[in-house]
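Peer 1: I am attaching a structure below and will ask some questions about it afterwards.
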Amino acid sequence: MRIEFDDGYSFGRGVFETIKVVDGKPLFLDKHLSRLKKSLRFFGIEKDIDEGKIYAYINSSEEKNFALKLIVSDKNFILTSRSDNYRDDDKNYNLILSDVRRNSSSKVIYHKSLSYYENIMEHRWAQDQGYDSALFINEIEEVCETSFANIYFVRNGEIFTPTISSGLLKGTMRDYILESYKVKEDVISFKDIDNYDEAFISNSLMGVRNVSSINNVKFNKNEKTKLIQRNLEEFGF
């Protein structure tokens with residue numbers, strides 16, 4: 001693999017997508033490529049995405065179930081793969097609030113850019129504290145997302161998820177859930193999370209996973225999580 005030196009390497013001016021491949025088929029590829037192309041336009045990167053190369057890479061792989069990563073910058077179009085660690089993971093997640101505050105006025109955080117390492121740092125910090133991941137809130141303490149997933153809350157059977165303007169990435173699995181279920185996008189204050197009965201998270205590799213706790217707040221229900229998980233089984237989650 002050859003990587004060309006450009007603004008993606010120097011300054012993070014580039015984007016990536018991580019796609020779940022099940023039985024040799026990339027799930028929700030159209031959604032991933034749509035988001036990727038929008039972000040390329042945002043960064044002013046003029047590059048055509050050759051879907052043929054994506055399918056050729058998948059078809060040439062000896063593994064048929066894996067996580068495919070697509071990285072694009074001015075001079076680079078890179079395909080890599082790794083194990084899909086969520087295939088054998090059905091645990092409930094315990095989250096801890098990050099000390100880092102998301103800046104909702106930032107233009108970059110709404111894109112899956114190559115400037116992603118803060119997420120990884122906070123995720124590893126949370127694990128070092130004995131939790132599964134970190135939760136981000138913004139400068140006025142509105143809930144945003146976790147270090148690697150979108151988050152949802154349930155009260156009286158109704159699903160809520162933070163509005164994009166609070167400062168979060170518009171996930172492909174989030175799009176699917178909003179299209180498939182009745183979900184209210186809303187401003188969710190961190191101080192109010194104990195008013196909800198259930199919480200769960202989503203990303204394009206895990207599908208959805210139940211959240212058992214955030215800091216000291218416990219969530220004792222998982223009905224909506226289980227419902228969505230059952231419906232996602234048809235895709236191979």
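Simple scheme: letters A, B, ... for chains in structure tokens order, numbers from 1 for residues in each chain, numbers from 1 for ligands in the order shown.
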Which residues are near Asp197 of chain A? Cut-off 12 Å, only C-alpha atoms, ignore same chain within fewer than 4 positions. Put them as a PyMOL selection string.
Peer 2: chain A and resi 152-160+192-193+210-213+217-225
Peer 1: Fewer than 5 positions away in the same chain doesn't count, so skip those; otherwise give me all residues within 7 Å of Thr146 of chain A, counting only C-alpha atoms, as a list in words.
Peer 2: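 Here the qualifying residues turn out to be Ser133, Ala134, Leu135, Phe136 and Ile151 of chain A.
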Peer 1: What are the DSSP helix (DSSP H, G or I) residues of segment 153-222 of chain A, as a ChimeraX atom specification?
Peer 2: /A:164-166,172-180,190-195
Peer 1: Residues as selected, N, CA and C atoms, written as an mmCIF file, in the first residue's frame, can you do that?
Peer 2:
data_model
loop_
_atom_site.group_PDB
_atom_site.id
_atom_site.type_symbol
_atom_site.label_atom_id
_atom_site.label_comp_id
_atom_site.auth_asym_id
_atom_site.auth_seq_id
_atom_site.Cartn_x
_atom_site.Cartn_y
_atom_site.Cartn_z
ATOM 1 N N ILE A 164 -28.709 16.797 15.654
ATOM 2 C CA ILE A 164 -27.394 16.960 15.040
ATOM 3 C C ILE A 164 -26.723 18.248 15.498
ATOM 4 N N SER A 165 -27.479 19.308 15.645
ATOM 5 C CA SER A 165 -26.908 20.613 15.976
ATOM 6 C C SER A 165 -26.249 20.666 17.347
ATOM 7 N N SER A 166 -26.476 19.647 18.192
ATOM 8 C CA SER A 166 -25.769 19.602 19.478
ATOM 9 C C SER A 166 -24.285 19.335 19.291
ATOM 10 N N THR A 172 -24.547 6.393 9.797
ATOM 11 C CA THR A 172 -25.343 5.653 8.817
ATOM 12 C C THR A 172 -26.362 4.751 9.501
ATOM 13 N N MET A 173 -26.002 4.129 10.617
ATOM 14 C CA MET A 173 -26.965 3.324 11.357
ATOM 15 C C MET A 173 -28.007 4.223 12.007
ATOM 16 N N ARG A 174 -27.606 5.397 12.422
ATOM 17 C CA ARG A 174 -28.559 6.375 12.954
ATOM 18 C C ARG A 174 -29.597 6.709 11.886
ATOM 19 N N ASP A 175 -29.145 6.920 10.659
ATOM 20 C CA ASP A 175 -30.078 7.203 9.566
ATOM 21 C C ASP A 175 -31.079 6.061 9.400
ATOM 22 N N TYR A 176 -30.560 4.828 9.425
ATOM 23 C CA TYR A 176 -31.446 3.670 9.267
ATOM 24 C C TYR A 176 -32.486 3.622 10.384
ATOM 25 N N ILE A 177 -32.067 3.853 11.616
ATOM 26 C CA ILE A 177 -32.989 3.793 12.755
ATOM 27 C C ILE A 177 -34.040 4.889 12.655
ATOM 28 N N LEU A 178 -33.636 6.095 12.262
ATOM 29 C CA LEU A 178 -34.595 7.182 12.135
ATOM 30 C C LEU A 178 -35.583 6.936 10.992
ATOM 31 N N GLU A 179 -35.127 6.248 9.949
ATOM 32 C CA GLU A 179 -36.013 5.922 8.829
ATOM 33 C C GLU A 179 -36.973 4.782 9.169
ATOM 34 N N SER A 180 -36.555 3.894 10.071
ATOM 35 C CA SER A 180 -37.302 2.661 10.316
ATOM 36 C C SER A 180 -38.184 2.702 11.557
ATOM 37 N N PHE A 190 -27.674 16.686 29.670
ATOM 38 C CA PHE A 190 -27.041 15.612 30.444
ATOM 39 C C PHE A 190 -27.653 15.492 31.834
ATOM 40 N N LYS A 191 -28.045 16.592 32.421
ATOM 41 C CA LYS A 191 -28.600 16.550 33.782
ATOM 42 C C LYS A 191 -29.952 15.840 33.831
ATOM 43 N N ASP A 192 -30.552 15.606 32.653
ATOM 44 C CA ASP A 192 -31.876 14.983 32.612
ATOM 45 C C ASP A 192 -31.853 13.515 32.218
ATOM 46 N N ILE A 193 -30.683 12.915 32.055
ATOM 47 C CA ILE A 193 -30.653 11.542 31.528
ATOM 48 C C ILE A 193 -31.261 10.528 32.495
ATOM 49 N N ASP A 194 -31.330 10.867 33.773
ATOM 50 C CA ASP A 194 -31.935 9.928 34.723
ATOM 51 C C ASP A 194 -33.458 9.908 34.617
ATOM 52 N N ASN A 195 -34.010 10.713 33.716
ATOM 53 C CA ASN A 195 -35.455 10.690 33.478
ATOM 54 C C ASN A 195 -35.866 9.660 32.430
#
Peer 1: For a quick check of understanding, using only C-alpha atoms, which of A:Ser189, A:Asn150, A:Asn92, A:Ser106 has the smallest distance to Ile137 of chain A?
Peer 2: A:Ser189
Peer 1: Need to verify the contact set: Ile78 of chain A, 9 Å, only C-alpha atoms, exclusion of same-chain residues closer than 6 positions in sequence. Can you return it as a PyMOL selection string?
Peer 2: chain A and resi 1-3+69-72
Peer 1: Convert the current residue selection to file output with all heavy atoms, as a short mmCIF file (atom, residue, chain, number, x, y, z; two decimals), in the first residue's frame.
Peer 2:
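Output contents, as saved in result.cif:
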data_model
loop_
_atom_site.label_atom_id
_atom_site.label_comp_id
_atom_site.auth_asym_id
_atom_site.auth_seq_id
_atom_site.Cartn_x
_atom_site.Cartn_y
_atom_site.Cartn_z
N MET A 1 0.84 -1.20 0.00
CA MET A 1 0.00 0.00 0.00
C MET A 1 0.88 1.24 0.00
O MET A 1 1.76 1.39 0.84
CB MET A 1 -0.92 0.01 1.22
CG MET A 1 -1.75 1.28 1.36
SD MET A 1 -2.95 1.23 2.72
CE MET A 1 -1.97 0.62 4.07
N ARG A 2 0.63 2.14 -0.94
CA ARG A 2 1.39 3.37 -1.04
C ARG A 2 0.52 4.55 -0.63
O ARG A 2 -0.59 4.71 -1.14
CB ARG A 2 1.90 3.56 -2.47
CG ARG A 2 2.75 4.81 -2.65
CD ARG A 2 3.27 4.90 -4.07
NE ARG A 2 4.04 6.11 -4.27
CZ ARG A 2 4.61 6.45 -5.42
NH1 ARG A 2 4.48 5.65 -6.47
NH2 ARG A 2 5.29 7.57 -5.52
N ILE A 3 1.03 5.39 0.27
CA ILE A 3 0.30 6.57 0.72
C ILE A 3 1.03 7.81 0.22
O ILE A 3 2.23 7.98 0.44
CB ILE A 3 0.20 6.60 2.26
CG1 ILE A 3 -0.54 5.37 2.76
CG2 ILE A 3 -0.50 7.88 2.72
CD1 ILE A 3 -0.59 5.26 4.27
N LYS A 69 -12.40 -0.49 5.66
CA LYS A 69 -12.18 0.94 5.87
C LYS A 69 -11.78 1.60 4.56
O LYS A 69 -10.88 1.13 3.87
CB LYS A 69 -11.09 1.17 6.93
CG LYS A 69 -10.93 2.64 7.33
CD LYS A 69 -9.99 2.79 8.51
CE LYS A 69 -9.91 4.24 8.97
NZ LYS A 69 -9.02 4.40 10.15
N LEU A 70 -12.47 2.67 4.24
CA LEU A 70 -12.22 3.44 3.03
C LEU A 70 -11.71 4.82 3.45
O LEU A 70 -12.39 5.53 4.20
CB LEU A 70 -13.53 3.56 2.24
CG LEU A 70 -13.57 4.46 1.01
CD1 LEU A 70 -12.56 4.02 -0.04
CD2 LEU A 70 -14.97 4.48 0.42
N ILE A 71 -10.51 5.19 2.99
CA ILE A 71 -9.88 6.46 3.35
C ILE A 71 -9.66 7.27 2.08
O ILE A 71 -9.08 6.77 1.11
CB ILE A 71 -8.52 6.21 4.05
CG1 ILE A 71 -8.69 5.29 5.26
CG2 ILE A 71 -7.89 7.54 4.47
CD1 ILE A 71 -7.38 4.79 5.83
N VAL A 72 -10.11 8.52 2.11
CA VAL A 72 -10.00 9.36 0.91
C VAL A 72 -9.44 10.74 1.30
O VAL A 72 -9.93 11.39 2.23
CB VAL A 72 -11.37 9.55 0.22
CG1 VAL A 72 -11.19 10.33 -1.09
CG2 VAL A 72 -12.03 8.20 -0.05
#
